[in-house]
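my_file_25.txt (compact mmCIF, C-alpha atoms) appears below.
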# COMPACT_ATOMS: atom_id res chain seq x y z
CA MET A 1 6.90 -0.59 -16.01
CA MET A 2 7.97 1.67 -13.09
CA GLY A 3 11.08 2.63 -15.02
CA ARG A 4 8.88 4.45 -17.55
CA TYR A 5 6.75 6.32 -14.99
CA ALA A 6 9.20 9.23 -14.80
CA ARG A 7 8.86 9.71 -18.58
CA ILE A 8 5.09 9.23 -18.72
CA GLY A 9 4.13 12.07 -16.34
CA ILE A 10 1.46 12.20 -13.63
CA PHE A 11 -1.70 11.82 -15.76
CA GLY A 12 0.03 9.97 -18.62
CA ARG A 13 -0.88 6.44 -19.68
CA ILE A 14 1.41 3.55 -20.60
CA LYS A 15 1.65 3.19 -24.37
CA THR A 16 2.86 0.40 -26.66
CA ARG A 17 6.16 2.26 -27.09
CA ASP A 18 6.74 2.22 -23.31
CA ARG A 19 6.08 -1.54 -23.17
CA LYS A 20 8.59 -2.06 -25.99
CA ILE A 21 11.26 0.01 -24.20
CA VAL A 22 10.73 -2.00 -21.00
CA GLN A 23 10.92 -5.29 -22.90
CA ASP A 24 14.13 -4.14 -24.64
CA SER A 25 15.65 -3.08 -21.30
CA LEU A 26 14.88 -6.49 -19.79
CA GLU A 27 16.44 -8.23 -22.79
CA ARG A 28 19.56 -6.06 -22.51
CA VAL A 29 20.20 -7.35 -18.99
CA ASP A 30 19.07 -10.90 -19.85
CA ALA A 31 16.03 -10.71 -17.56
CA SER A 32 13.11 -11.27 -19.97
CA HIS A 33 12.34 -14.56 -18.26
CA LEU A 34 11.70 -12.69 -14.99
CA THR A 35 8.85 -10.54 -16.41
CA ASN A 36 6.01 -12.32 -14.59
CA ARG A 37 7.88 -13.20 -11.39
CA PRO A 38 7.03 -11.17 -8.24
CA TYR A 39 10.00 -8.91 -7.37
CA GLY A 40 10.06 -10.10 -3.74
CA GLN A 41 10.67 -13.69 -4.84
CA LEU A 42 13.77 -12.92 -6.94
CA SER A 43 17.31 -13.71 -5.80
CA GLY A 44 19.73 -10.85 -5.08
CA GLY A 45 21.37 -11.14 -8.50
CA GLU A 46 18.01 -11.27 -10.30
CA MET A 47 16.82 -8.22 -8.34
CA GLN A 48 19.89 -6.27 -9.46
CA ARG A 49 19.22 -7.25 -13.09
CA VAL A 50 15.65 -5.97 -12.78
CA ASN A 51 16.89 -2.77 -11.05
CA LEU A 52 19.31 -2.21 -13.92
CA ALA A 53 16.56 -2.82 -16.48
CA ARG A 54 14.38 -0.29 -14.64
CA ALA A 55 17.19 2.27 -14.77
CA LEU A 56 17.78 1.60 -18.51
CA ALA A 57 14.05 1.89 -19.26
CA GLN A 58 14.34 5.56 -18.27
CA GLN A 59 16.66 5.98 -21.27
CA PRO A 60 19.23 7.80 -19.13
CA ARG A 61 22.19 9.78 -20.47
CA LEU A 62 24.12 8.95 -17.32
CA LEU A 63 23.86 5.85 -15.13
CA LEU A 64 24.44 6.32 -11.38
CA LEU A 65 24.88 3.11 -9.38
CA ASP A 66 25.18 3.00 -5.61
CA GLU A 67 26.86 -0.18 -4.30
CA PRO A 68 25.51 -2.39 -7.15
CA THR A 69 27.12 -5.61 -5.84
CA THR A 70 26.60 -5.25 -2.08
CA PHE A 71 24.94 -8.26 -0.37
CA LEU A 72 25.35 -10.41 -3.50
CA ASP A 73 27.09 -13.79 -3.56
CA ALA A 74 30.33 -14.12 -5.57
CA GLU A 75 28.59 -15.56 -8.65
CA SER A 76 25.94 -12.80 -8.72
CA GLN A 77 28.66 -10.15 -8.20
CA GLN A 78 30.48 -11.49 -11.27
CA THR A 79 27.22 -11.50 -13.30
CA VAL A 80 26.42 -7.88 -12.37
CA ARG A 81 30.01 -6.82 -13.17
CA GLN A 82 29.78 -8.44 -16.63
CA LEU A 83 26.39 -6.81 -17.21
CA LEU A 84 27.73 -3.35 -16.34
CA LEU A 85 30.71 -3.86 -18.67
CA SER A 86 28.48 -4.94 -21.56
CA ILE A 87 26.01 -2.06 -20.99
CA HIS A 88 28.91 0.41 -20.89
CA SER A 89 30.52 -0.92 -24.07
CA GLN A 90 27.35 -1.53 -26.10
CA GLU A 91 25.42 1.61 -25.17
CA ASN A 92 28.45 3.88 -24.74
CA LEU A 93 26.69 5.06 -21.58
CA THR A 94 28.72 7.00 -19.02
CA THR A 95 28.39 5.16 -15.72
CA ILE A 96 29.31 6.38 -12.23
CA VAL A 97 29.60 3.63 -9.62
CA VAL A 98 29.85 4.26 -5.86
CA SER A 99 31.34 1.24 -4.10
CA HIS A 100 33.60 0.01 -1.30
CA ASP A 101 34.46 -3.09 -3.35
CA ALA A 102 37.99 -2.25 -4.59
CA ASP A 103 38.37 -5.46 -6.64
CA MET A 104 35.13 -4.83 -8.51
CA LEU A 105 36.07 -1.21 -9.24
CA ALA A 106 39.53 -2.14 -10.55
CA GLY A 107 38.01 -4.54 -13.11
CA LEU A 108 35.16 -2.27 -14.09
CA CYS A 109 36.12 1.41 -14.22
CA ASP A 110 38.30 3.55 -16.48
CA GLU A 111 38.87 6.15 -13.82
CA ILE A 112 38.67 5.83 -10.04
CA VAL A 113 38.12 8.67 -7.59
CA VAL A 114 39.03 7.83 -3.98
CA MET A 115 37.00 9.81 -1.45
CA ARG A 116 37.52 10.23 2.28
CA HIS A 117 35.17 12.11 4.63
CA GLY A 118 33.29 13.61 1.67
CA SER A 119 36.37 15.03 -0.08
CA ILE A 120 38.27 13.78 -3.12
CA GLU A 121 41.57 12.31 -1.93
CA ARG A 122 42.96 10.97 -5.19
CA THR A 123 42.01 10.41 -8.85
CA MET A 124 43.69 7.62 -10.81
CA SER A 125 43.29 5.16 -13.67
CA SER A 126 42.20 1.58 -12.94
CA ARG A 127 45.78 0.39 -13.71
CA GLU A 128 47.24 2.86 -11.17
CA PHE A 129 44.53 1.79 -8.70
CA ALA A 130 45.38 -1.89 -9.17
CA ASP A 131 49.10 -1.18 -8.65
CA ALA A 132 48.49 0.99 -5.59
CA MET V 1 -37.08 -12.69 -0.11
CA LEU V 2 -38.91 -10.30 -2.47
CA GLU V 3 -40.68 -8.76 0.51
CA MET V 4 -37.33 -8.12 2.13
CA LEU V 5 -35.95 -6.48 -1.04
CA ARG V 6 -38.99 -4.16 -1.20
CA ASP V 7 -38.43 -2.98 2.37
CA PRO V 8 -37.07 0.62 2.24
CA PHE V 9 -34.95 -0.03 5.38
CA PHE V 10 -33.31 -3.02 3.69
CA GLN V 11 -32.77 -1.06 0.45
CA ARG V 12 -30.97 1.76 2.27
CA ALA V 13 -28.96 -0.74 4.33
CA ALA V 14 -27.98 -2.66 1.19
CA LEU V 15 -26.87 0.56 -0.53
CA ALA V 16 -24.89 1.64 2.58
CA THR V 17 -23.08 -1.72 2.88
CA LEU V 18 -22.35 -1.75 -0.86
CA LEU V 19 -20.81 1.73 -0.73
CA ALA V 20 -18.93 1.07 2.55
CA GLY V 21 -17.68 -2.22 1.08
CA ILE V 22 -16.23 -0.43 -1.97
CA ALA V 23 -14.72 2.53 -0.07
CA CYS V 24 -13.26 0.55 2.85
CA SER V 25 -11.84 -2.28 0.74
CA THR V 26 -10.18 0.17 -1.69
CA VAL V 27 -8.46 2.06 1.14
CA GLY V 28 -7.74 -1.34 2.71
CA VAL V 29 -5.56 -2.37 -0.23
CA LEU V 30 -3.44 0.75 0.32
CA VAL V 31 -2.94 0.24 4.06
CA VAL V 32 -2.38 -3.53 3.80
CA THR V 33 0.17 -3.30 0.98
CA MET V 34 1.96 -0.40 2.71
CA ARG V 35 2.02 -2.52 5.89
CA VAL V 36 0.28 0.15 7.97
CA SER V 37 -2.95 -1.80 8.64
CA PHE V 38 -3.28 -0.27 12.11
CA LEU V 39 -3.83 3.09 10.36
CA GLY V 40 -7.52 2.11 9.99
CA VAL V 41 -7.94 1.68 13.76
CA CYS V 42 -6.16 4.96 14.39
CA MET V 43 -8.31 6.87 11.89
CA SER V 44 -11.59 5.33 13.08
CA HIS V 45 -10.82 6.35 16.67
CA ALA V 46 -9.86 9.87 15.55
CA ALA V 47 -13.15 10.11 13.63
CA PHE V 48 -15.02 8.74 16.67
CA ALA V 49 -13.38 11.33 18.91
CA GLY V 50 -14.35 14.01 16.39
CA ALA V 51 -17.97 12.84 16.33
CA LEU V 52 -18.09 12.87 20.15
CA LEU V 53 -16.65 16.39 20.14
CA GLY V 54 -19.50 17.39 17.82
CA LEU V 55 -22.04 15.91 20.25
CA VAL V 56 -20.45 17.74 23.20
CA ILE V 57 -20.24 21.18 21.55
CA GLY V 58 -23.49 20.80 19.59
CA VAL V 59 -22.32 20.69 15.96
CA ASN V 60 -22.98 18.01 13.33
CA PRO V 61 -20.97 14.95 14.50
CA MET V 62 -20.06 14.00 10.91
CA CYS V 63 -18.52 17.45 10.25
CA SER V 64 -16.43 17.37 13.43
CA ALA V 65 -15.46 13.72 12.70
CA ILE V 66 -14.15 14.74 9.25
CA VAL V 67 -12.20 17.65 10.77
CA LEU V 68 -10.58 15.52 13.49
CA SER V 69 -9.71 12.66 11.11
CA LEU V 70 -8.04 15.22 8.80
CA VAL V 71 -6.16 16.64 11.81
CA ALA V 72 -5.06 13.07 12.68
CA ALA V 73 -3.85 12.57 9.09
CA GLY V 74 -2.03 15.92 9.26
CA VAL V 75 -0.24 14.89 12.47
CA LEU V 76 0.48 11.31 11.34
CA GLY V 77 2.16 12.26 8.07
CA PRO V 78 5.00 14.40 9.47
CA LEU V 79 5.39 12.03 12.48
CA ALA V 80 5.74 9.00 10.18
CA ASP V 81 8.14 10.93 7.94
CA ARG V 82 10.54 11.51 10.86
CA GLY V 83 13.37 9.09 10.55
CA ASP V 84 13.84 8.45 14.27
CA PHE V 85 10.85 6.09 14.64
CA SER V 86 8.72 3.85 12.44
CA PRO V 87 5.27 4.78 11.02
CA ASP V 88 3.81 2.17 13.42
CA THR V 89 5.01 4.22 16.41
CA ALA V 90 3.47 7.39 14.94
CA ILE V 91 0.17 5.54 14.41
CA GLY V 92 0.34 4.23 18.01
CA ILE V 93 0.83 7.77 19.40
CA VAL V 94 -2.10 9.25 17.43
CA PHE V 95 -4.29 6.20 18.21
CA SER V 96 -3.73 6.43 21.98
CA SER V 97 -4.33 10.19 21.89
CA ALA V 98 -7.61 9.70 19.99
CA LEU V 99 -8.68 6.96 22.42
CA GLY V 100 -7.92 9.15 25.44
CA VAL V 101 -9.81 12.13 23.97
CA SER V 102 -12.76 9.83 23.07
CA PHE V 103 -13.14 8.56 26.66
CA LEU V 104 -12.77 12.09 27.98
CA LEU V 105 -15.48 13.43 25.66
CA LEU V 106 -17.72 10.40 26.35
CA SER V 107 -17.69 11.29 30.04
CA MET V 108 -18.62 14.90 29.19
CA ILE V 109 -21.83 13.97 27.31
CA PRO V 110 -24.75 14.57 29.68
CA GLY V 111 -27.53 11.98 30.09
CA PRO V 112 -27.82 8.70 28.16
CA LYS V 113 -24.99 8.03 25.73
CA THR V 114 -27.05 6.10 23.15
CA GLU V 115 -26.12 8.30 20.18
CA ALA V 116 -22.43 8.25 21.04
CA LEU V 117 -22.36 4.46 21.48
CA GLY V 118 -24.33 4.13 18.23
CA LEU V 119 -21.33 5.68 16.45
CA LEU V 120 -19.10 3.05 18.01
CA TRP V 121 -21.20 0.07 16.83
CA GLY V 122 -22.93 1.64 13.83
CA SER V 123 -26.47 1.03 12.66
CA VAL V 124 -26.77 0.26 8.98
CA LEU V 125 -30.57 -0.15 9.13
CA THR V 126 -31.15 3.42 10.31
CA VAL V 127 -28.53 5.15 8.16
CA SER V 128 -29.58 8.71 7.17
CA SER V 129 -29.75 10.14 3.63
CA GLY V 130 -26.88 12.50 4.46
CA SER V 131 -24.66 9.58 5.52
CA LEU V 132 -25.59 7.70 2.32
CA TYR V 133 -24.61 10.70 0.16
CA LEU V 134 -21.33 11.05 2.07
CA LEU V 135 -20.60 7.32 1.65
CA ALA V 136 -21.40 7.53 -2.08
CA ALA V 137 -19.10 10.54 -2.51
CA VAL V 138 -16.24 8.87 -0.61
CA ALA V 139 -16.67 5.53 -2.44
CA ALA V 140 -16.61 7.35 -5.81
CA ALA V 141 -13.63 9.50 -4.80
CA THR V 142 -11.52 6.58 -3.50
CA SER V 143 -12.26 4.49 -6.63
CA LEU V 144 -11.47 7.39 -9.00
CA LEU V 145 -8.26 8.24 -7.12
CA ALA V 146 -7.14 4.58 -7.22
CA ILE V 147 -7.77 4.44 -10.99
CA GLY V 148 -6.40 7.92 -11.82
CA PHE V 149 -3.22 7.70 -9.75
CA PHE V 150 -2.65 3.95 -10.05
CA LYS V 151 0.98 4.14 -11.19
CA GLU V 152 1.91 6.72 -8.54
CA ILE V 153 0.23 4.62 -5.82
CA GLN V 154 1.89 1.44 -7.12
CA THR V 155 5.34 3.03 -7.01
CA VAL V 156 4.86 4.55 -3.53
CA ILE V 157 3.69 1.15 -2.22
CA PHE V 158 6.77 -0.49 -3.76
CA SER V 159 9.21 2.12 -2.43
CA ARG V 160 8.74 5.80 -1.54
CA GLU V 161 12.44 6.33 -2.19
CA LEU V 162 12.12 4.95 -5.72
CA ALA V 163 8.99 7.06 -6.33
CA ARG V 164 10.92 10.19 -5.30
CA SER V 165 13.87 9.27 -7.53
CA LEU V 166 11.47 8.86 -10.49
CA GLY V 167 10.13 12.38 -9.87
CA LEU V 168 6.74 11.16 -8.65
CA PRO V 169 5.02 13.12 -5.82
CA ALA V 170 5.64 10.42 -3.20
CA THR V 171 4.83 12.60 -0.18
CA VAL V 172 1.60 13.93 -1.74
CA VAL V 173 0.49 10.35 -2.52
CA PHE V 174 1.33 9.18 1.03
CA TYR V 175 -0.57 12.09 2.62
CA GLY V 176 -3.41 11.47 0.14
CA ILE V 177 -3.65 7.88 1.39
CA LEU V 178 -3.84 9.13 5.01
CA VAL V 179 -6.55 11.68 4.19
CA THR V 180 -8.58 9.17 2.11
CA SER V 181 -8.33 6.67 4.95
CA GLY V 182 -9.64 9.32 7.41
CA LEU V 183 -12.55 10.31 5.15
CA THR V 184 -13.52 6.68 4.50
CA THR V 185 -13.65 5.76 8.18
CA THR V 186 -15.66 8.92 8.94
CA ALA V 187 -18.14 8.20 6.15
CA SER V 188 -18.60 4.61 7.41
CA LEU V 189 -19.03 5.65 11.06
CA ASN V 190 -22.88 5.76 11.04
CA ALA V 191 -23.38 2.60 9.01
CA ILE V 192 -20.60 0.25 10.15
CA GLY V 193 -19.40 1.91 13.38
CA GLY V 194 -16.05 3.20 14.58
CA LEU V 195 -14.95 -0.14 16.04
CA LEU V 196 -15.95 -2.41 13.17
CA VAL V 197 -14.90 -0.28 10.18
CA PHE V 198 -11.29 -1.39 10.66
CA SER V 199 -12.20 -5.02 9.91
CA LEU V 200 -14.08 -4.10 6.74
CA MET V 201 -11.01 -2.14 5.69
CA VAL V 202 -8.39 -4.79 6.41
CA ASN V 203 -10.09 -8.21 5.95
CA PRO V 204 -11.16 -7.96 2.26
CA ALA V 205 -7.80 -6.40 1.31
CA ALA V 206 -5.83 -9.02 3.28
CA ALA V 207 -7.92 -11.77 1.61
CA ALA V 208 -7.24 -10.25 -1.85
CA TYR V 209 -3.53 -10.11 -0.95
CA GLN V 210 -3.64 -13.90 -0.46
CA LEU V 211 -5.11 -14.45 -3.92
CA THR V 212 -2.98 -12.37 -6.31
CA TYR V 213 0.37 -10.62 -6.80
CA SER V 214 -1.11 -7.99 -9.14
CA LEU V 215 -2.05 -4.71 -7.42
CA ARG V 216 -4.68 -4.01 -10.09
CA LYS V 217 -6.38 -7.38 -9.47
CA MET V 218 -5.99 -6.84 -5.71
CA PHE V 219 -8.11 -3.65 -5.89
CA ILE V 220 -10.82 -5.50 -7.86
CA ILE V 221 -10.86 -8.66 -5.68
CA SER V 222 -10.83 -6.56 -2.49
CA ALA V 223 -13.82 -4.50 -3.69
CA VAL V 224 -15.72 -7.69 -4.65
CA LEU V 225 -14.97 -9.26 -1.24
CA GLY V 226 -15.90 -6.01 0.53
CA ILE V 227 -19.26 -5.91 -1.27
CA ALA V 228 -19.75 -9.67 -0.65
CA SER V 229 -19.00 -9.24 3.08
CA GLY V 230 -21.52 -6.40 3.29
CA GLY V 231 -24.23 -8.13 1.22
CA LEU V 232 -23.92 -11.56 2.85
CA GLY V 233 -23.59 -10.03 6.31
CA LEU V 234 -26.72 -7.94 5.81
CA LEU V 235 -28.76 -10.92 4.55
CA LEU V 236 -27.61 -13.16 7.40
CA SER V 237 -28.27 -10.52 10.04
CA TRP V 238 -31.74 -9.89 8.55
CA TYR V 239 -32.66 -13.61 8.64
CA LEU V 240 -31.00 -14.43 11.97
CA ASN V 241 -32.02 -11.15 13.63
CA LEU V 242 -28.45 -10.34 14.72
CA PRO V 243 -26.53 -6.99 14.85
CA THR V 244 -25.72 -6.15 11.21
CA GLY V 245 -22.28 -4.56 11.71
CA ALA V 246 -21.02 -7.53 13.72
CA VAL V 247 -22.33 -10.09 11.19
CA ILE V 248 -20.70 -8.15 8.31
CA ILE V 249 -17.36 -8.29 10.09
CA VAL V 250 -17.66 -12.01 10.94
CA THR V 251 -18.52 -12.66 7.26
CA SER V 252 -15.42 -10.73 6.14
CA CYS V 253 -13.32 -12.81 8.59
CA VAL V 254 -14.76 -16.06 7.13
CA LEU V 255 -13.98 -14.84 3.58
CA PHE V 256 -10.42 -14.06 4.68
CA ALA V 257 -10.07 -17.55 6.18
CA LEU V 258 -11.31 -19.12 2.92
CA ALA V 259 -8.92 -16.98 0.86
CA ASN V 260 -6.09 -18.05 3.16
CA VAL V 261 -6.95 -21.74 2.70
CA PHE V 262 -7.20 -21.50 -1.11
CA SER V 263 -4.31 -19.01 -1.49
CA PRO V 264 -2.05 -19.90 -4.45
CA LYS V 265 0.73 -17.89 -2.72
CA ARG V 266 0.53 -20.13 0.34
CA ARG V 267 0.61 -23.26 -1.83
CA ALA V 268 3.61 -21.91 -3.77
CA LEU V 269 5.42 -21.15 -0.48
CA LYS V 270 4.65 -24.66 0.82
CA THR V 271 5.97 -26.21 -2.42
CA ASN V 272 9.17 -24.14 -2.19
CA VAL V 273 9.71 -25.19 1.45
CA ASN V 274 9.07 -28.87 0.62
CA GLU V 275 11.45 -28.68 -2.35
CA GLY V 276 14.06 -27.05 -0.11
CA GLU V 277 13.65 -29.82 2.48
CA ALA V 278 13.90 -32.50 -0.25
CA HIS V 279 17.19 -30.97 -1.44
CA GLU V 280 18.51 -31.04 2.10
CA GLN V 281 17.79 -34.79 2.48
CA PRO V 282 21.09 -36.72 2.69
CA GLY V 283 21.95 -38.71 -0.47

Here is a file; write its structure as structure tokens.
Amino acid sequence: MMGRYARIGIFGRIKTRDRKIVQDSLERVDASHLTNRPYGQLSGGEMQRVNLARALAQQPRLLLLDEPTTFLDAESQQTVRQLLLSIHSQENLTTIVVSHDADMLAGLCDEIVVMRHGSIERTMSSREFADA
Amino acid sequence: MLEMLRDPFFQRAALATLLAGIACSTVGVLVVTMRVSFLGVCMSHAAFAGALLGLVIGVNPMCSAIVLSLVAAGVLGPLADRGDFSPDTAIGIVFSSALGVSFLLLSMIPGPKTEALGLLWGSVLTVSSGSLYLLAAVAAATSLLAIGFFKEIQTVIFSRELARSLGLPATVVFYGILVTSGLTTTASLNAIGGLLVFSLMVNPAAAAYQLTYSLRKMFIISAVLGIASGGLGLLLSWYLNLPTGAVIIVTSCVLFALANVFSPKRRALKTNVNEGEAHEQPG
């Protein structure tokens, strides 16, 4: 439910609509089965699914993701990448990903901005990035 | 039994332990889940130092205890917020300062130090009306704050960074927890004592932590165990003619031990480990 707290306000109460949005968000990332599991007992991939659901529950117009696949095993990295692609295509939600994982970025992004020491060094398409 | 219940001393003691049980166990859930359990010790020593200061300069010890515990909270917050050391270090610095000031002030009290030592051990059977009102106010305030700001508290406990990113007043909630912890220890000083209040704060909450994953249920179980520790401890001390504060704390320790034995979390962990070992067995 934490994903809805920003929308509810300080003295606001959780309503049926908020519960529905949270349930929908969990379904969108295929994490409904994790609803009653303690967060600390989830695997890295499951945690990232729940984190994504929490971000989606805020009904954002822009999704900002900082290193979404760091510390995940190869299988979980692939799952998160597929999830991000499906969210982006189904919701038409602009997503900005910050990552050091060049392979993941090449298969995920339309446009890639390379930064060095806090400044933009180069902007290119994913095809140009893959060829570079 | 009925005779005991009609005794005005017992009635006041029962009310004091009930209120201290509610207030301490509610704050306990906050400090245990935020993994700053030592905060209770730090605050109780700051309050004790404040009360001693009151005795030395001739003002109401409860007033000076409240002031010094608020000062301790005011120092702890910014210290803990500094990135260069952990909140535990900040708590350690304030705790040792409070301890040093306490011993210094203790040596400055002329004549017998009965009143000062009474604050250290507490005396639930001789608790004053003023202390009862203060305990009632603090117990009501902590319970109302926990109910009213539940989602903010829950998010800050989970992650202060996440709370900030969601636009929740993470720093205000954290400082609120420090201040509430200071006020609770001060209010319990007369009844439970500066040394023993820490156990009543941590033990019921730690026992509740063993029994559930839900923060909401943790608050309720902790309050029930806090009241049970106080009630059972008072009855036992009355029958066995033992110091009440000490018996209350031993009772809370026994309840924690029982919760630990019957903890579903512990059983689940054991099952997971056994399953893991079974998987590792060669074919």

Requested in this report: Considering only C-alpha atoms, extract the chain A residues located within 12 Å of chain V and return them as a list in words.
Outcome: Met1, Met2, Gly3, Arg4, Tyr5, Ala6, Arg7, Ile8, Gly9, Ile10, Phe11, Gly12, Arg13, Ile14, Asn36, Arg37, Pro38, Tyr39, Gly40, Gln41, Asn51, Arg54, Ala55, Ala57, Gln58, Pro60 and Leu64 of chain A

Excluding segment 25-42 of chain V and its own-chain neighbours fewer than 2 positions away, which residues fall within 7 Å of it when counting all atoms listed in the file? Please give them as a PDB file with C-alpha atoms, in the frame of the given file.
ATOM      1  CA  GLY V  21     -17.680  -2.220   1.080  1.00  0.00           C
ATOM      2  CA  ILE V  22     -16.230  -0.430  -1.970  1.00  0.00           C
ATOM      3  CA  ALA V  23     -14.720   2.530  -0.070  1.00  0.00           C
ATOM      4  CA  SER V  44     -11.590   5.330  13.080  1.00  0.00           C
ATOM      5  CA  HIS V  45     -10.820   6.350  16.670  1.00  0.00           C
ATOM      6  CA  ALA V  46      -9.860   9.870  15.550  1.00  0.00           C
ATOM      7  CA  ASP V  88       3.810   2.170  13.420  1.00  0.00           C
ATOM      8  CA  ILE V  91       0.170   5.540  14.410  1.00  0.00           C
ATOM      9  CA  VAL V  94      -2.100   9.250  17.430  1.00  0.00           C
ATOM     10  CA  PHE V  95      -4.290   6.200  18.210  1.00  0.00           C
ATOM     11  CA  THR V 142     -11.520   6.580  -3.500  1.00  0.00           C
ATOM     12  CA  SER V 143     -12.260   4.490  -6.630  1.00  0.00           C
ATOM     13  CA  ILE V 157       3.690   1.150  -2.220  1.00  0.00           C
ATOM     14  CA  SER V 181      -8.330   6.670   4.950  1.00  0.00           C
ATOM     15  CA  PHE V 198     -11.290  -1.390  10.660  1.00  0.00           C
ATOM     16  CA  LEU V 200     -14.080  -4.100   6.740  1.00  0.00           C
ATOM     17  CA  MET V 201     -11.010  -2.140   5.690  1.00  0.00           C
ATOM     18  CA  VAL V 202      -8.390  -4.790   6.410  1.00  0.00           C
ATOM     19  CA  PRO V 204     -11.160  -7.960   2.260  1.00  0.00           C
ATOM     20  CA  ALA V 205      -7.800  -6.400   1.310  1.00  0.00           C
ATOM     21  CA  ALA V 206      -5.830  -9.020   3.280  1.00  0.00           C
ATOM     22  CA  PHE V 219      -8.110  -3.650  -5.890  1.00  0.00           C
ATOM     23  CA  SER V 222     -10.830  -6.560  -2.490  1.00  0.00           C
ATOM     24  CA  ALA V 223     -13.820  -4.500  -3.690  1.00  0.00           C
ATOM     25  CA  GLY V 226     -15.900  -6.010   0.530  1.00  0.00           C
TER      26      GLY V 226
END

Report task. Skip Arg122 of chain A itself and residues of its chain fewer than 3 positions away, then list as a PyMOL selection string all residues within 8 Å of it, counting all atoms listed in the file. Result -> chain A and resi 113-115

Requested in this report: Would you list the residues near (20.4, -7.2, -6.8), meaning any protein, DNA or RNA residue with an atom at most 10 Å from that point in file coordinates, counting only C-alpha atoms, as a PyMOL selection string?
Outcome: chain A and resi 42-52+67-73+76-77+80

Would you save the residues from that selection as a JSON list (two decimals), in the coordinates of the input, using C-alpha atoms?
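Ended up saving to result_5.json:
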[["chain", "number", "residue", "atom", "x", "y", "z"],
["A", 42, "LEU", "CA", 13.77, -12.92, -6.94],
["A", 43, "SER", "CA", 17.31, -13.71, -5.80],
["A", 44, "GLY", "CA", 19.73, -10.85, -5.08],
["A", 45, "GLY", "CA", 21.37, -11.14, -8.50],
["A", 46, "GLU", "CA", 18.01, -11.27, -10.30],
["A", 47, "MET", "CA", 16.82, -8.22, -8.34],
["A", 48, "GLN", "CA", 19.89, -6.27, -9.46],
["A", 49, "ARG", "CA", 19.22, -7.25, -13.09],
["A", 50, "VAL", "CA", 15.65, -5.97, -12.78],
["A", 51, "ASN", "CA", 16.89, -2.77, -11.05],
["A", 52, "LEU", "CA", 19.31, -2.21, -13.92],
["A", 67, "GLU", "CA", 26.86, -0.18, -4.30],
["A", 68, "PRO", "CA", 25.51, -2.39, -7.15],
["A", 69, "THR", "CA", 27.12, -5.61, -5.84],
["A", 70, "THR", "CA", 26.60, -5.25, -2.08],
["A", 71, "PHE", "CA", 24.94, -8.26, -0.37],
["A", 72, "LEU", "CA", 25.35, -10.41, -3.50],
["A", 73, "ASP", "CA", 27.09, -13.79, -3.56],
["A", 76, "SER", "CA", 25.94, -12.80, -8.72],
["A", 77, "GLN", "CA", 28.66, -10.15, -8.20],
["A", 80, "VAL", "CA", 26.42, -7.88, -12.37]]

Query raised in the report: So how far away is atom CA of Leu104 of chain V from atom CA of Gly122 of chain V, in Å?
Result: 20.3 Å

**Report entry** Selected residue, from V:Met4, V:Lys265, V:Ser86, V:Thr184, that lies nearest to Ala139 of chain V when counting only C-alpha atoms
**Finding:**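 Among V:Met4, V:Lys265, V:Ser86, V:Thr184, it is V:Thr184 that comes nearest to Ala139 of chain V.
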
Query raised in the report: Nearest to Phe10 of chain V: which of V:Leu258, V:Leu183, V:Leu125, V:Val138 is it, counting all atoms listed in the file?
Result: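 When distances to Phe10 of chain V are compared using all atoms listed in the file, the smallest one comes from V:Leu125.
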
Requested in this report: Give me, please, the distance in Å between atom CA of Gly193 of chain V and atom CA of Thr244 of chain V, quoted to one decimal.
Outcome: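 Atom CA of Thr244 of chain V lies 10.5 Å from atom CA of Gly193 of chain V.
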